[in-house]
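The next block is query_8.cif, given as mmCIF, C-alpha atoms.
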data_target
#
loop_
_atom_site.group_PDB
_atom_site.id
_atom_site.type_symbol
_atom_site.label_atom_id
_atom_site.label_comp_id
_atom_site.auth_asym_id
_atom_site.auth_seq_id
_atom_site.Cartn_x
_atom_site.Cartn_y
_atom_site.Cartn_z
ATOM 1 C CA MET A 1 -3.980 34.036 130.508
ATOM 2 C CA ARG A 2 -4.958 37.606 129.778
ATOM 3 C CA MET A 3 -2.605 39.946 127.969
ATOM 4 C CA PRO A 4 -1.546 42.832 130.243
ATOM 5 C CA PRO A 5 -2.836 46.245 129.096
ATOM 6 C CA LEU A 6 0.736 47.501 128.702
ATOM 7 C CA VAL A 7 1.486 44.743 126.188
ATOM 8 C CA LEU A 8 -1.646 45.607 124.242
ATOM 9 C CA ALA A 9 -0.732 49.303 124.280
ATOM 10 C CA GLY A 10 2.770 48.423 123.075
ATOM 11 C CA ALA A 11 1.314 46.358 120.248
ATOM 12 C CA LEU A 12 -0.905 49.248 119.232
ATOM 13 C CA LEU A 13 1.957 51.734 119.307
ATOM 14 C CA GLY A 14 4.127 49.394 117.255
ATOM 15 C CA LEU A 15 1.426 49.048 114.628
ATOM 16 C CA VAL A 16 0.861 52.797 114.466
ATOM 17 C CA LEU A 17 4.579 53.546 114.143
ATOM 18 C CA ALA A 18 5.063 50.826 111.523
ATOM 19 C CA GLY A 19 3.068 52.867 109.029
ATOM 20 C CA PRO A 20 0.668 51.660 106.377
ATOM 21 C CA ALA A 21 0.770 48.063 105.234
ATOM 22 C CA ALA A 22 -1.129 46.005 102.719
ATOM 23 C CA ALA A 23 -4.497 44.876 104.046
ATOM 24 C CA LEU A 24 -5.035 41.227 104.811
ATOM 25 C CA GLU A 25 -7.807 39.298 103.177
ATOM 26 C CA VAL A 26 -10.180 37.176 105.231
ATOM 27 C CA GLY A 27 -8.434 33.945 106.156
ATOM 28 C CA GLN A 28 -4.881 35.271 105.700
ATOM 29 C CA LYS A 29 -2.494 35.055 108.640
ATOM 30 C CA ALA A 30 -0.962 38.253 109.984
ATOM 31 C CA PRO A 31 2.805 38.551 109.506
ATOM 32 C CA ASP A 32 4.809 37.731 112.608
ATOM 33 C CA PHE A 33 6.138 40.696 114.585
ATOM 34 C CA THR A 34 7.928 41.297 117.873
ATOM 35 C CA LEU A 35 7.239 44.085 120.352
ATOM 36 C CA ALA A 36 8.757 45.112 123.667
ATOM 37 C CA GLY A 37 6.513 44.175 126.573
ATOM 38 C CA PRO A 38 6.688 45.008 130.273
ATOM 39 C CA GLY A 39 10.236 45.084 131.600
ATOM 40 C CA GLY A 40 11.617 45.080 128.060
ATOM 41 C CA LYS A 41 10.642 41.424 127.486
ATOM 42 C CA GLN A 42 10.268 40.689 123.774
ATOM 43 C CA ILE A 43 6.858 39.306 122.799
ATOM 44 C CA LYS A 44 6.287 37.637 119.414
ATOM 45 C CA LEU A 45 2.882 37.333 117.805
ATOM 46 C CA SER A 46 3.631 33.722 116.848
ATOM 47 C CA GLU A 47 4.215 32.834 120.522
ATOM 48 C CA MET A 48 0.981 34.475 121.662
ATOM 49 C CA VAL A 49 -1.218 32.823 119.010
ATOM 50 C CA GLY A 50 -0.574 29.424 120.592
ATOM 51 C CA LYS A 51 -2.120 30.668 123.852
ATOM 52 C CA GLY A 52 -5.461 31.668 122.335
ATOM 53 C CA PRO A 53 -7.107 34.253 120.089
ATOM 54 C CA ILE A 54 -5.368 37.603 119.623
ATOM 55 C CA VAL A 55 -7.391 40.812 119.378
ATOM 56 C CA ILE A 56 -5.746 44.103 118.431
ATOM 57 C CA TYR A 57 -7.993 47.028 119.181
ATOM 58 C CA THR A 58 -6.936 50.557 118.348
ATOM 59 C CA PHE A 59 -7.669 53.771 120.227
ATOM 60 C CA ILE A 60 -6.500 56.138 117.524
ATOM 61 C CA GLN A 61 -7.907 59.268 119.145
ATOM 62 C CA ALA A 62 -6.384 58.401 122.525
ATOM 63 C CA PHE A 63 -2.986 59.704 121.342
ATOM 64 C CA THR A 64 -4.198 62.923 119.720
ATOM 65 C CA GLY A 65 -4.354 66.367 121.231
ATOM 66 C CA PRO A 66 -7.541 68.184 122.218
#

Could you render the structure from this file as structure tokens?
Amino acid sequence: MRMPPLVLAGALLGLVLAGPAAALEVGQKAPDFTLAGPGGKQIKLSEMVGKGPIVIYTFIQAFTGP
């Protein structure tokens, strides 16, 4: 099952708005978090991990002005 683009965008926005956090070391698990998905459905990282690998890719310049 592929993650809808809106969910991925929501995850990105949540990470950006969360502010800086301590970096993870190789092999460490990411802390669990919950974000609002399409239709306001809550999506937890821990629930998605069981479905396959999770990739969070950022488009930092996509939200900046010209």

With distances taken over all atoms listed in the file, which of A:Gly40, A:Val26, A:Lys51, A:Thr34 is nearest to Ala11 in chain A?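 Of A:Gly40, A:Val26, A:Lys51, A:Thr34, the one nearest Ala11 in chain A, counting all atoms listed in the file, is A:Thr34.
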
Picked residues, the PyMOL selection byres ((chain A and resi 32) around 7), as a VMD selection string: chain A and resid 30 to 31 33 44 to 46

If you measure from CA of Leu12 in chain A to CA of Pro38 in chain A, what distance in Å do you get, rounded to one decimal?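 Spanning CA of Leu12 in chain A to CA of Pro38 in chain A is a straight-line distance of 14.1 Å.
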
Could you check which of A:Gly10, A:Leu17, A:Leu24, A:Pro5 is closest to Ile43 in chain A, using all atoms listed in the file?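 Closest residue, counting all atoms listed in the file: A:Gly10.
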
Separation of CA of Gly52 in chain A from CA of Leu13 in chain A, in Å and rounded to one decimal: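 One can read the CA of Gly52 in chain A to CA of Leu13 in chain A distance as 21.6 Å.
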